[in-house]
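**Student:** Handing over input_38.cif, mmCIF, C-alpha atoms.
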data_final
loop_
_atom_site.group_PDB
_atom_site.id
_atom_site.type_symbol
_atom_site.label_atom_id
_atom_site.label_comp_id
_atom_site.auth_asym_id
_atom_site.auth_seq_id
_atom_site.Cartn_x
_atom_site.Cartn_y
_atom_site.Cartn_z
ATOM 1 C CA GLN A 1 6.578 -17.993 39.182
ATOM 2 C CA GLY A 2 5.891 -16.735 35.683
ATOM 3 C CA THR A 3 6.862 -13.214 36.707
ATOM 4 C CA GLN A 4 10.126 -14.479 38.252
ATOM 5 C CA TRP A 5 10.947 -16.391 35.071
ATOM 6 C CA VAL A 6 10.263 -13.371 32.869
ATOM 7 C CA GLY A 7 12.145 -11.141 35.311
ATOM 8 C CA MET A 8 15.231 -13.307 34.807
ATOM 9 C CA GLY A 9 14.844 -12.846 31.061
ATOM 10 C CA ALA A 10 14.549 -9.090 31.476
ATOM 11 C CA ARG A 11 17.780 -8.981 33.462
ATOM 12 C CA LEU A 12 19.634 -11.158 30.950
ATOM 13 C CA ALA A 13 18.419 -8.910 28.126
ATOM 14 C CA ARG A 14 20.242 -6.032 29.843
ATOM 15 C CA GLU A 15 23.374 -7.994 30.700
ATOM 16 C CA SER A 16 23.980 -10.238 27.671
ATOM 17 C CA SER A 17 24.174 -8.986 24.095
ATOM 18 C CA VAL A 18 23.824 -12.574 22.818
ATOM 19 C CA PHE A 19 20.658 -13.163 24.815
ATOM 20 C CA ALA A 20 19.249 -9.775 23.785
ATOM 21 C CA ALA A 21 19.961 -10.411 20.099
ATOM 22 C CA ARG A 22 18.173 -13.763 20.087
ATOM 23 C CA LEU A 23 15.342 -12.273 22.136
ATOM 24 C CA GLY A 24 15.014 -9.590 19.471
ATOM 25 C CA GLU A 25 14.666 -12.264 16.804
ATOM 26 C CA CYS A 26 11.957 -13.932 18.888
ATOM 27 C CA ALA A 27 10.181 -10.585 19.323
ATOM 28 C CA GLU A 28 10.259 -10.037 15.566
ATOM 29 C CA ALA A 29 8.847 -13.516 14.909
ATOM 30 C CA LEU A 30 6.057 -13.062 17.469
ATOM 31 C CA ALA A 31 5.099 -9.476 16.573
ATOM 32 C CA PRO A 32 2.741 -10.268 13.636
ATOM 33 C CA LEU A 33 0.952 -12.909 15.713
ATOM 34 C CA VAL A 34 0.204 -11.143 19.021
ATOM 35 C CA ASP A 35 -1.370 -7.891 20.252
ATOM 36 C CA TRP A 36 1.348 -7.127 22.813
ATOM 37 C CA SER A 37 5.081 -6.398 22.764
ATOM 38 C CA LEU A 38 7.627 -8.852 24.123
ATOM 39 C CA TRP A 39 9.936 -5.947 24.953
ATOM 40 C CA ASP A 40 7.181 -4.098 26.838
ATOM 41 C CA VAL A 41 6.348 -7.141 28.966
ATOM 42 C CA LEU A 42 10.000 -7.748 29.811
ATOM 43 C CA ALA A 43 10.666 -4.070 30.519
ATOM 44 C CA GLU A 44 7.789 -3.682 32.951
ATOM 45 C CA VAL A 45 8.377 -6.922 34.815
ATOM 46 C CA GLY A 46 12.104 -6.248 34.890
ATOM 47 C CA SER A 47 11.494 -2.880 36.523
ATOM 48 C CA GLY A 48 9.334 -4.459 39.196
ATOM 49 C CA GLY A 49 6.075 -3.188 37.728
ATOM 50 C CA ARG A 50 2.899 -5.176 37.782
ATOM 51 C CA GLY A 51 0.589 -2.948 35.655
ATOM 52 C CA VAL A 52 -0.338 -4.093 32.186
ATOM 53 C CA ALA A 53 2.554 -6.540 31.873
ATOM 54 C CA GLY A 54 1.916 -8.045 35.296
ATOM 55 C CA SER A 55 -1.720 -8.757 34.544
ATOM 56 C CA ALA A 56 -0.823 -9.860 31.025
ATOM 57 C CA LEU A 57 1.336 -12.640 32.461
ATOM 58 C CA GLU A 58 -1.815 -14.153 33.933
ATOM 59 C CA ARG A 59 -2.920 -14.788 30.337
ATOM 60 C CA VAL A 60 -1.828 -18.086 28.803
ATOM 61 C CA ASP A 61 -1.543 -16.404 25.378
ATOM 62 C CA VAL A 62 1.130 -14.077 26.812
ATOM 63 C CA VAL A 63 3.050 -16.166 29.315
ATOM 64 C CA GLN A 64 3.588 -19.123 26.967
ATOM 65 C CA PRO A 65 5.083 -17.093 24.075
ATOM 66 C CA VAL A 66 7.198 -15.032 26.497
ATOM 67 C CA SER A 67 8.493 -18.213 28.162
ATOM 68 C CA PHE A 68 9.241 -19.648 24.706
ATOM 69 C CA ALA A 69 11.289 -16.579 23.822
ATOM 70 C CA VAL A 70 13.256 -16.768 27.084
ATOM 71 C CA MET A 71 13.975 -20.491 26.610
ATOM 72 C CA VAL A 72 15.159 -20.100 23.018
ATOM 73 C CA SER A 73 17.334 -17.152 24.009
ATOM 74 C CA LEU A 74 18.818 -19.036 26.972
ATOM 75 C CA ALA A 75 19.942 -21.773 24.592
ATOM 76 C CA ALA A 76 21.698 -19.142 22.460
ATOM 77 C CA LEU A 77 23.389 -17.745 25.572
ATOM 78 C CA TRP A 78 24.608 -21.195 26.657
ATOM 79 C CA ARG A 79 25.939 -21.863 23.172
ATOM 80 C CA SER A 80 27.879 -18.596 23.239
ATOM 81 C CA TYR A 81 29.774 -20.055 26.232
ATOM 82 C CA GLY A 82 30.521 -23.270 24.356
ATOM 83 C CA VAL A 83 27.661 -25.376 25.741
ATOM 84 C CA GLU A 84 26.585 -27.325 22.645
ATOM 85 C CA PRO A 85 23.766 -29.833 23.146
ATOM 86 C CA ASP A 86 24.287 -33.461 22.183
ATOM 87 C CA ALA A 87 20.501 -33.873 22.361
ATOM 88 C CA VAL A 88 17.450 -31.777 23.175
ATOM 89 C CA VAL A 89 14.332 -32.695 25.159
ATOM 90 C CA GLY A 90 11.377 -30.550 26.187
ATOM 91 C CA HIS A 91 8.422 -30.697 28.568
ATOM 92 C CA SER A 92 4.912 -29.850 27.322
ATOM 93 C CA GLN A 93 5.049 -26.340 25.806
ATOM 94 C CA GLY A 94 8.834 -26.453 26.339
ATOM 95 C CA GLU A 95 8.957 -28.887 23.433
ATOM 96 C CA ILE A 96 8.204 -25.980 21.100
ATOM 97 C CA ALA A 97 11.394 -24.242 22.208
ATOM 98 C CA ALA A 98 13.253 -27.571 22.093
ATOM 99 C CA ALA A 99 12.130 -28.067 18.498
ATOM 100 C CA VAL A 100 13.532 -24.653 17.539
ATOM 101 C CA VAL A 101 16.821 -25.255 19.363
ATOM 102 C CA SER A 102 17.195 -28.625 17.640
ATOM 103 C CA GLY A 103 16.340 -27.240 14.195
ATOM 104 C CA ALA A 104 13.178 -29.349 13.876
ATOM 105 C CA LEU A 105 11.242 -26.068 13.560
ATOM 106 C CA SER A 106 12.327 -22.681 12.270
ATOM 107 C CA LEU A 107 12.099 -19.818 14.761
ATOM 108 C CA GLU A 108 9.189 -18.404 12.780
ATOM 109 C CA ASP A 109 7.264 -21.678 12.884
ATOM 110 C CA GLY A 110 8.019 -22.126 16.581
ATOM 111 C CA ALA A 111 6.610 -18.661 17.233
ATOM 112 C CA TRP A 112 3.569 -19.540 15.119
ATOM 113 C CA VAL A 113 2.894 -22.706 17.135
ATOM 114 C CA VAL A 114 3.319 -21.157 20.584
ATOM 115 C CA ALA A 115 1.396 -17.959 19.806
ATOM 116 C CA LEU A 116 -1.568 -19.404 17.923
ATOM 117 C CA ARG A 117 -1.925 -22.513 20.060
ATOM 118 C CA SER A 118 -1.931 -20.483 23.285
ATOM 119 C CA GLN A 119 -4.582 -18.210 21.773
ATOM 120 C CA VAL A 120 -6.759 -21.267 21.111
ATOM 121 C CA ILE A 121 -6.241 -22.359 24.734
ATOM 122 C CA ALA A 122 -7.261 -18.881 25.938
ATOM 123 C CA ARG A 123 -10.398 -18.825 23.774
ATOM 124 C CA SER A 124 -11.600 -22.380 24.152
ATOM 125 C CA LEU A 125 -10.081 -24.101 27.191
ATOM 126 C CA ALA A 126 -9.388 -21.411 29.796
ATOM 127 C CA GLY A 127 -11.822 -21.491 32.701
ATOM 128 C CA GLY A 128 -12.752 -25.103 32.127
ATOM 129 C CA GLY A 129 -10.393 -27.018 34.362
ATOM 130 C CA GLY A 130 -7.088 -27.102 36.168
ATOM 131 C CA MET A 131 -3.943 -29.053 37.031
ATOM 132 C CA LEU A 132 -2.523 -30.498 40.248
ATOM 133 C CA SER A 133 1.039 -31.572 41.072
ATOM 134 C CA VAL A 134 1.175 -34.705 43.242
ATOM 135 C CA GLY A 135 4.182 -36.109 45.078
ATOM 136 C CA LEU A 136 3.414 -39.789 44.529
ATOM 137 C CA PRO A 137 4.449 -42.484 42.021
ATOM 138 C CA VAL A 138 2.155 -42.642 39.013
ATOM 139 C CA VAL A 139 0.964 -46.162 39.937
ATOM 140 C CA ASP A 140 -0.316 -44.812 43.251
ATOM 141 C CA VAL A 141 -2.122 -41.945 41.544
ATOM 142 C CA GLU A 142 -3.817 -43.686 38.630
ATOM 143 C CA GLY A 143 -6.085 -45.900 40.717
ATOM 144 C CA ARG A 144 -7.635 -43.087 42.718
ATOM 145 C CA LEU A 145 -8.441 -40.484 40.096
ATOM 146 C CA PRO A 146 -12.032 -39.195 40.126
ATOM 147 C CA GLY A 147 -14.044 -38.956 36.937
ATOM 148 C CA GLY A 148 -12.918 -36.214 34.589
ATOM 149 C CA VAL A 149 -9.340 -36.236 35.947
ATOM 150 C CA SER A 150 -6.393 -37.990 34.297
ATOM 151 C CA VAL A 151 -2.598 -38.147 34.422
ATOM 152 C CA ALA A 152 -1.151 -35.181 32.550
ATOM 153 C CA ALA A 153 2.583 -35.690 33.098
ATOM 154 C CA VAL A 154 4.985 -38.104 34.735
ATOM 155 C CA ASN A 155 7.986 -36.011 35.708
ATOM 156 C CA GLY A 156 9.854 -38.393 38.000
ATOM 157 C CA PRO A 157 9.546 -41.460 40.249
ATOM 158 C CA SER A 158 7.369 -39.527 42.727
ATOM 159 C CA SER A 159 6.307 -36.510 40.710
ATOM 160 C CA VAL A 160 3.069 -36.587 38.750
ATOM 161 C CA VAL A 161 0.732 -33.929 37.388
ATOM 162 C CA VAL A 162 -2.977 -34.624 36.932
ATOM 163 C CA SER A 163 -5.475 -32.460 35.089
ATOM 164 C CA GLY A 164 -9.143 -32.178 34.322
ATOM 165 C CA ASP A 165 -12.377 -31.043 35.950
ATOM 166 C CA SER A 166 -11.862 -28.484 38.746
ATOM 167 C CA GLY A 167 -14.372 -30.184 41.028
ATOM 168 C CA GLY A 168 -12.637 -33.521 40.690
ATOM 169 C CA LEU A 169 -9.283 -31.908 41.386
ATOM 170 C CA ASP A 170 -10.696 -30.281 44.532
ATOM 171 C CA VAL A 171 -11.849 -33.659 45.846
ATOM 172 C CA LEU A 172 -8.531 -35.353 45.067
ATOM 173 C CA GLN A 173 -6.515 -32.509 46.576
ATOM 174 C CA ALA A 174 -8.501 -32.594 49.814
ATOM 175 C CA GLU A 175 -8.038 -36.363 50.135
ATOM 176 C CA LEU A 176 -4.295 -36.191 49.514
ATOM 177 C CA VAL A 177 -3.746 -33.272 51.888
ATOM 178 C CA ALA A 178 -5.563 -35.221 54.605
ATOM 179 C CA GLU A 179 -3.133 -38.087 54.035
ATOM 180 C CA GLY A 180 -0.107 -35.801 54.244
ATOM 181 C CA VAL A 181 0.800 -36.111 50.552
ATOM 182 C CA ARG A 182 2.605 -33.164 48.973
ATOM 183 C CA VAL A 183 0.261 -31.511 46.490
ATOM 184 C CA ARG A 184 0.270 -28.149 44.727
ATOM 185 C CA ARG A 185 -2.409 -26.595 42.550
ATOM 186 C CA ILE A 186 -0.789 -25.248 39.398
ATOM 187 C CA ALA A 187 -1.735 -21.645 38.653
ATOM 188 C CA VAL A 188 -3.688 -22.321 35.446
ATOM 189 C CA ASP A 189 -7.421 -22.498 34.732
ATOM 190 C CA TYR A 190 -7.252 -24.991 31.890
ATOM 191 C CA ALA A 191 -6.613 -28.743 31.738
ATOM 192 C CA SER A 192 -3.738 -29.462 29.375
ATOM 193 C CA HIS A 193 -3.120 -33.139 28.590
ATOM 194 C CA SER A 194 -6.692 -34.106 29.400
ATOM 195 C CA VAL A 195 -9.774 -35.174 27.478
ATOM 196 C CA GLN A 196 -10.877 -31.528 27.406
ATOM 197 C CA VAL A 197 -8.191 -30.790 24.810
ATOM 198 C CA GLY A 198 -10.061 -32.967 22.304
ATOM 199 C CA SER A 199 -12.549 -30.149 21.800
ATOM 200 C CA VAL A 200 -9.906 -28.009 20.043
ATOM 201 C CA GLU A 201 -8.352 -30.660 17.789
ATOM 202 C CA ALA A 202 -10.034 -29.400 14.618
ATOM 203 C CA GLU A 203 -9.207 -25.762 15.366
ATOM 204 C CA LEU A 204 -5.557 -26.552 16.089
ATOM 205 C CA SER A 205 -5.300 -28.627 12.915
ATOM 206 C CA ARG A 206 -6.510 -25.615 10.956
ATOM 207 C CA VAL A 207 -4.448 -22.852 12.555
ATOM 208 C CA LEU A 208 -1.229 -24.882 12.717
ATOM 209 C CA ALA A 209 -1.511 -26.362 9.210
ATOM 210 C CA PRO A 210 1.098 -23.949 7.717
ATOM 211 C CA VAL A 211 3.862 -25.279 10.018
ATOM 212 C CA VAL A 212 6.659 -26.983 8.071
ATOM 213 C CA PRO A 213 8.647 -29.524 10.119
ATOM 214 C CA CYS A 214 12.355 -29.844 9.362
ATOM 215 C CA VAL A 215 15.013 -32.476 9.952
ATOM 216 C CA PRO A 216 16.550 -31.819 13.394
ATOM 217 C CA GLU A 217 20.160 -30.684 13.263
ATOM 218 C CA VAL A 218 20.605 -31.684 16.910
ATOM 219 C CA PRO A 219 19.014 -34.981 18.016
ATOM 220 C CA PHE A 220 15.582 -34.231 19.507
ATOM 221 C CA PHE A 221 13.930 -36.757 21.823
ATOM 222 C CA SER A 222 10.152 -36.532 22.095
ATOM 223 C CA SER A 223 8.365 -36.696 25.448
ATOM 224 C CA VAL A 224 5.171 -37.256 23.418
ATOM 225 C CA THR A 225 6.158 -40.321 21.383
ATOM 226 C CA GLY A 226 8.982 -41.591 23.581
ATOM 227 C CA GLY A 227 11.360 -41.734 20.607
ATOM 228 C CA TRP A 228 13.703 -39.668 18.483
ATOM 229 C CA VAL A 229 12.122 -37.050 16.241
ATOM 230 C CA GLY A 230 12.754 -37.611 12.550
ATOM 231 C CA GLU A 231 11.894 -35.780 9.361
ATOM 232 C CA GLY A 232 8.363 -34.403 9.118
ATOM 233 C CA VAL A 233 7.312 -35.371 12.653
ATOM 234 C CA VAL A 234 6.563 -32.040 14.356
ATOM 235 C CA ASP A 235 3.653 -30.997 12.152
ATOM 236 C CA ALA A 236 0.254 -29.614 13.192
ATOM 237 C CA GLY A 237 -0.906 -33.020 14.398
ATOM 238 C CA TYR A 238 2.143 -33.394 16.614
ATOM 239 C CA TRP A 239 1.470 -30.098 18.375
ATOM 240 C CA TYR A 240 -2.095 -31.187 19.059
ATOM 241 C CA ARG A 241 -0.852 -34.477 20.565
ATOM 242 C CA ASN A 242 1.756 -32.539 22.548
ATOM 243 C CA LEU A 243 -1.122 -30.691 24.239
ATOM 244 C CA ARG A 244 -3.498 -33.668 24.508
ATOM 245 C CA GLN A 245 -1.369 -36.657 25.514
ATOM 246 C CA PRO A 246 0.468 -37.169 28.818
ATOM 247 C CA VAL A 247 4.002 -35.784 29.014
ATOM 248 C CA LEU A 248 6.345 -38.786 29.267
ATOM 249 C CA PHE A 249 9.175 -36.706 30.698
ATOM 250 C CA ALA A 250 10.524 -39.241 33.218
ATOM 251 C CA ASP A 251 10.626 -41.916 30.497
ATOM 252 C CA ALA A 252 12.398 -39.527 28.121
ATOM 253 C CA ILE A 253 15.073 -38.637 30.670
ATOM 254 C CA GLY A 254 15.498 -42.293 31.626
ATOM 255 C CA THR A 255 16.033 -43.269 27.990
ATOM 256 C CA LEU A 256 18.578 -40.518 27.456
ATOM 257 C CA VAL A 257 20.508 -41.589 30.556
ATOM 258 C CA ARG A 258 20.542 -45.208 29.414
ATOM 259 C CA GLU A 259 21.843 -44.094 26.017
ATOM 260 C CA GLY A 260 24.747 -42.271 27.637
ATOM 261 C CA PHE A 261 23.577 -38.654 27.753
#
Would you give me this structure, written as structure tokens?

**Tutor:**
Amino acid sequence: QGTQWVGMGARLARESSVFAARLGECAEALAPLVDWSLWDVLAEVGSGGRGVAGSALERVDVVQPVSFAVMVSLAALWRSYGVEPDAVVGHSQGEIAAAVVSGALSLEDGAWVVALRSQVIARSLAGGGGMLSVGLPVVDVEGRLPGGVSVAAVNGPSSVVVSGDSGGLDVLQAELVAEGVRVRRIAVDYASHSVQVGSVEAELSRVLAPVVPCVPEVPFFSSVTGGWVGEGVVDAGYWYRNLRQPVLFADAIGTLVREGF
């Protein structure tokens, strides 16, 4: 899926000058922070290659910044066609792109957050857990979670993600499959939005300390706090909580609908 997503970005970079220009700004912002080239990854995946770029997309510290760049550039493309957002919302790492689109973070600070945070995940969390998508209401999931597994995201009335210990996820997955429940193991080897993230709180506080939150120019609704983002909110501590706490995406969308969006 990551390769398909990046492949779409590679094609748009060839076909849209607006998309390519914003992608170039993202590449420039990321370049001092990473040991790979955004353009090289897009070029190889776009040509159907799997070599270095293909294997690189299996790394969280590559796929998250590349996805960020594609998301930010898509917003620029939509705006060039007159699609101006009345509000912005993001899901998990997508909130970093949402913050940039809303103006709550500069592009440079957004690149800083996504690049350095994903590097911390790669160093300290990768290999320690996993995530599982479950097609049940959250109330039906919470009561049957094994130790070391918790709710990571509530995406809809019957769409939940859980994360945590790989062994616990294996047990839960086997039980749910036997009951005919739709489940899908997410292709990651780390447990975002779980207790495991607590081990990197101090490191994230240190590496993300230079981030300067701004006042959003476009209203930005948080799927972390369940409220509107104001001045000074999306600081280093926020981006730790964004990785540690459950993603309240269904609640965020429900609130926006009730408020007329």

**Student:** What does the structure give for the distance between CA of Leu132 in chain A and CA of Gly94 in chain A, in Å to one decimal?

**Tutor:**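 Atom-to-atom, CA of Leu132 in chain A to CA of Gly94 in chain A, that is 18.4 Å.
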
**Student:** Go through A:Val162, A:Val113, A:Ala152, A:Val72 one by one, measure the shortest atom-to-atom distance of each to Val134 in chain A using all atoms listed in the file, and give the residue with the smallest value.

**Tutor:**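 Checking each candidate against Val134 in chain A, we get A:Val162 as the closest.
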
**Student:** Expressed in Å to a single decimal, how great is the separation between CA of Leu243 in chain A and CA of Gly7 in chain A?

**Tutor:**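 According to the coordinates, CA of Leu243 in chain A and CA of Gly7 in chain A are separated by 26.1 Å.
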
**Student:** Can you pull out the residues contacting Phe220 in chain A? Cut-off 9 Å, using all atoms listed in the file, and skip same-chain residues under 5 positions away; I want them as a VMD selection string.

**Tutor:** chain A and resid 87 to 90 98 to 99 102 to 104 227 to 230

**Student:** Please compute the CA of Asp61 in chain A-CA of Gly9 in chain A distance, one decimal, in Å.

**Tutor:**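 The value is 17.7 Å.
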
**Student:** Which residues fall under the PyMOL selection byres ((chain A and resi 13) around 12) in this file, as a ChimeraX atom specification?

**Tutor:** /A:6-12,14-24,38-39,42-43,46,69-70,73-74,77

**Student:** Neighbouring residues of Ala31 in chain A were defined as those with any atom within 10 Å, considering all atoms listed in the file; residues of the same chain fewer than 6 positions away were excluded. Please report them as a ChimeraX atom specification.

**Tutor:** /A:25,37-38,111,115

**Student:** Might you spell out which residues the PyMOL selection byres ((chain A and resi 246) around 10) would select in the displayed file, as a list of chain:residue names?

**Tutor:**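 Applying the PyMOL selection byres ((chain A and resi 246) around 10) to the structure shown produces A:Ser92, A:Ser150, A:Val151, A:Ala152, A:Ala153, A:Val154, A:Val161, A:Val162, A:Ser163, A:Ser192, A:His193, A:Ser194, A:Ser223, A:Val224, A:Thr225, A:Arg241, A:Asn242, A:Leu243, A:Arg244, A:Gln245, A:Val247, A:Leu248, A:Phe249.
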
**Student:** Since the input lacks atoms, please generate N, CA and C atoms for range 179-211 of chain A and provide them as a PDB file, in the frame of the given file.

**Tutor:**
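Final file, part-v9.pdb:
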ATOM      1  N   GLU A 179      -4.058 -36.967  53.868  1.00  0.00           N
ATOM      2  CA  GLU A 179      -3.133 -38.087  54.035  1.00  0.00           C
ATOM      3  C   GLU A 179      -1.685 -37.628  54.181  1.00  0.00           C
ATOM      4  N   GLY A 180      -1.456 -36.322  54.110  1.00  0.00           N
ATOM      5  CA  GLY A 180      -0.107 -35.801  54.244  1.00  0.00           C
ATOM      6  C   GLY A 180       0.726 -35.869  52.978  1.00  0.00           C
ATOM      7  N   VAL A 181       0.087 -36.061  51.834  1.00  0.00           N
ATOM      8  CA  VAL A 181       0.800 -36.111  50.552  1.00  0.00           C
ATOM      9  C   VAL A 181       1.089 -34.684  50.077  1.00  0.00           C
ATOM     10  N   ARG A 182       2.272 -34.479  49.521  1.00  0.00           N
ATOM     11  CA  ARG A 182       2.605 -33.164  48.973  1.00  0.00           C
ATOM     12  C   ARG A 182       1.816 -32.927  47.690  1.00  0.00           C
ATOM     13  N   VAL A 183       1.021 -31.881  47.677  1.00  0.00           N
ATOM     14  CA  VAL A 183       0.261 -31.511  46.490  1.00  0.00           C
ATOM     15  C   VAL A 183       0.366 -30.005  46.285  1.00  0.00           C
ATOM     16  N   ARG A 184       0.234 -29.583  45.043  1.00  0.00           N
ATOM     17  CA  ARG A 184       0.270 -28.149  44.727  1.00  0.00           C
ATOM     18  C   ARG A 184      -0.621 -27.890  43.527  1.00  0.00           C
ATOM     19  N   ARG A 185      -1.554 -26.984  43.672  1.00  0.00           N
ATOM     20  CA  ARG A 185      -2.409 -26.595  42.550  1.00  0.00           C
ATOM     21  C   ARG A 185      -1.592 -25.697  41.627  1.00  0.00           C
ATOM     22  N   ILE A 186      -1.527 -26.037  40.372  1.00  0.00           N
ATOM     23  CA  ILE A 186      -0.789 -25.248  39.398  1.00  0.00           C
ATOM     24  C   ILE A 186      -1.641 -24.050  39.001  1.00  0.00           C
ATOM     25  N   ALA A 187      -1.002 -22.910  38.854  1.00  0.00           N
ATOM     26  CA  ALA A 187      -1.735 -21.645  38.653  1.00  0.00           C
ATOM     27  C   ALA A 187      -2.208 -21.491  37.211  1.00  0.00           C
ATOM     28  N   VAL A 188      -3.062 -22.417  36.772  1.00  0.00           N
ATOM     29  CA  VAL A 188      -3.688 -22.321  35.446  1.00  0.00           C
ATOM     30  C   VAL A 188      -5.165 -22.670  35.609  1.00  0.00           C
ATOM     31  N   ASP A 189      -5.985 -22.194  34.677  1.00  0.00           N
ATOM     32  CA  ASP A 189      -7.421 -22.498  34.732  1.00  0.00           C
ATOM     33  C   ASP A 189      -7.856 -23.317  33.525  1.00  0.00           C
ATOM     34  N   TYR A 190      -6.935 -24.106  33.010  1.00  0.00           N
ATOM     35  CA  TYR A 190      -7.252 -24.991  31.890  1.00  0.00           C
ATOM     36  C   TYR A 190      -6.580 -26.339  32.156  1.00  0.00           C
ATOM     37  N   ALA A 191      -7.053 -27.368  31.459  1.00  0.00           N
ATOM     38  CA  ALA A 191      -6.613 -28.743  31.738  1.00  0.00           C
ATOM     39  C   ALA A 191      -5.850 -29.300  30.546  1.00  0.00           C
ATOM     40  N   SER A 192      -4.587 -28.873  30.411  1.00  0.00           N
ATOM     41  CA  SER A 192      -3.738 -29.462  29.375  1.00  0.00           C
ATOM     42  C   SER A 192      -3.594 -30.956  29.600  1.00  0.00           C
ATOM     43  N   HIS A 193      -3.377 -31.699  28.522  1.00  0.00           N
ATOM     44  CA  HIS A 193      -3.120 -33.139  28.590  1.00  0.00           C
ATOM     45  C   HIS A 193      -4.289 -33.894  29.214  1.00  0.00           C
ATOM     46  N   SER A 194      -5.489 -33.423  28.927  1.00  0.00           N
ATOM     47  CA  SER A 194      -6.692 -34.106  29.400  1.00  0.00           C
ATOM     48  C   SER A 194      -7.667 -34.254  28.247  1.00  0.00           C
ATOM     49  N   VAL A 195      -8.759 -34.952  28.502  1.00  0.00           N
ATOM     50  CA  VAL A 195      -9.774 -35.174  27.478  1.00  0.00           C
ATOM     51  C   VAL A 195     -10.374 -33.861  26.990  1.00  0.00           C
ATOM     52  N   GLN A 196     -10.326 -32.820  27.812  1.00  0.00           N
ATOM     53  CA  GLN A 196     -10.877 -31.528  27.406  1.00  0.00           C
ATOM     54  C   GLN A 196     -10.200 -30.968  26.160  1.00  0.00           C
ATOM     55  N   VAL A 197      -8.936 -31.313  25.958  1.00  0.00           N
ATOM     56  CA  VAL A 197      -8.191 -30.790  24.810  1.00  0.00           C
ATOM     57  C   VAL A 197      -8.774 -31.298  23.486  1.00  0.00           C
ATOM     58  N   GLY A 198      -9.470 -32.426  23.531  1.00  0.00           N
ATOM     59  CA  GLY A 198     -10.061 -32.967  22.304  1.00  0.00           C
ATOM     60  C   GLY A 198     -11.011 -32.009  21.625  1.00  0.00           C
ATOM     61  N   SER A 199     -11.587 -31.087  22.384  1.00  0.00           N
ATOM     62  CA  SER A 199     -12.549 -30.149  21.800  1.00  0.00           C
ATOM     63  C   SER A 199     -11.904 -29.147  20.852  1.00  0.00           C
ATOM     64  N   VAL A 200     -10.569 -28.999  20.898  1.00  0.00           N
ATOM     65  CA  VAL A 200      -9.906 -28.009  20.043  1.00  0.00           C
ATOM     66  C   VAL A 200      -9.058 -28.668  18.959  1.00  0.00           C
ATOM     67  N   GLU A 201      -9.187 -29.972  18.772  1.00  0.00           N
ATOM     68  CA  GLU A 201      -8.352 -30.660  17.789  1.00  0.00           C
ATOM     69  C   GLU A 201      -8.537 -30.085  16.381  1.00  0.00           C
ATOM     70  N   ALA A 202      -9.785 -29.902  15.970  1.00  0.00           N
ATOM     71  CA  ALA A 202     -10.034 -29.400  14.618  1.00  0.00           C
ATOM     72  C   ALA A 202      -9.496 -27.987  14.445  1.00  0.00           C
ATOM     73  N   GLU A 203      -9.686 -27.142  15.459  1.00  0.00           N
ATOM     74  CA  GLU A 203      -9.207 -25.762  15.366  1.00  0.00           C
ATOM     75  C   GLU A 203      -7.684 -25.719  15.310  1.00  0.00           C
ATOM     76  N   LEU A 204      -7.018 -26.532  16.113  1.00  0.00           N
ATOM     77  CA  LEU A 204      -5.557 -26.552  16.089  1.00  0.00           C
ATOM     78  C   LEU A 204      -5.039 -27.094  14.760  1.00  0.00           C
ATOM     79  N   SER A 205      -5.710 -28.091  14.222  1.00  0.00           N
ATOM     80  CA  SER A 205      -5.300 -28.627  12.915  1.00  0.00           C
ATOM     81  C   SER A 205      -5.352 -27.542  11.851  1.00  0.00           C
ATOM     82  N   ARG A 206      -6.356 -26.682  11.953  1.00  0.00           N
ATOM     83  CA  ARG A 206      -6.510 -25.615  10.956  1.00  0.00           C
ATOM     84  C   ARG A 206      -5.474 -24.515  11.141  1.00  0.00           C
ATOM     85  N   VAL A 207      -5.320 -24.006  12.365  1.00  0.00           N
ATOM     86  CA  VAL A 207      -4.448 -22.852  12.555  1.00  0.00           C
ATOM     87  C   VAL A 207      -2.969 -23.215  12.472  1.00  0.00           C
ATOM     88  N   LEU A 208      -2.635 -24.480  12.761  1.00  0.00           N
ATOM     89  CA  LEU A 208      -1.229 -24.882  12.717  1.00  0.00           C
ATOM     90  C   LEU A 208      -0.842 -25.570  11.411  1.00  0.00           C
ATOM     91  N   ALA A 209      -1.784 -25.678  10.478  1.00  0.00           N
ATOM     92  CA  ALA A 209      -1.511 -26.362   9.210  1.00  0.00           C
ATOM     93  C   ALA A 209      -0.314 -25.795   8.448  1.00  0.00           C
ATOM     94  N   PRO A 210      -0.044 -24.467   8.484  1.00  0.00           N
ATOM     95  CA  PRO A 210       1.098 -23.949   7.717  1.00  0.00           C
ATOM     96  C   PRO A 210       2.474 -24.351   8.234  1.00  0.00           C
ATOM     97  N   VAL A 211       2.565 -24.944   9.428  1.00  0.00           N
ATOM     98  CA  VAL A 211       3.862 -25.279  10.018  1.00  0.00           C
ATOM     99  C   VAL A 211       4.574 -26.332   9.166  1.00  0.00           C
TER     100      VAL A 211
END
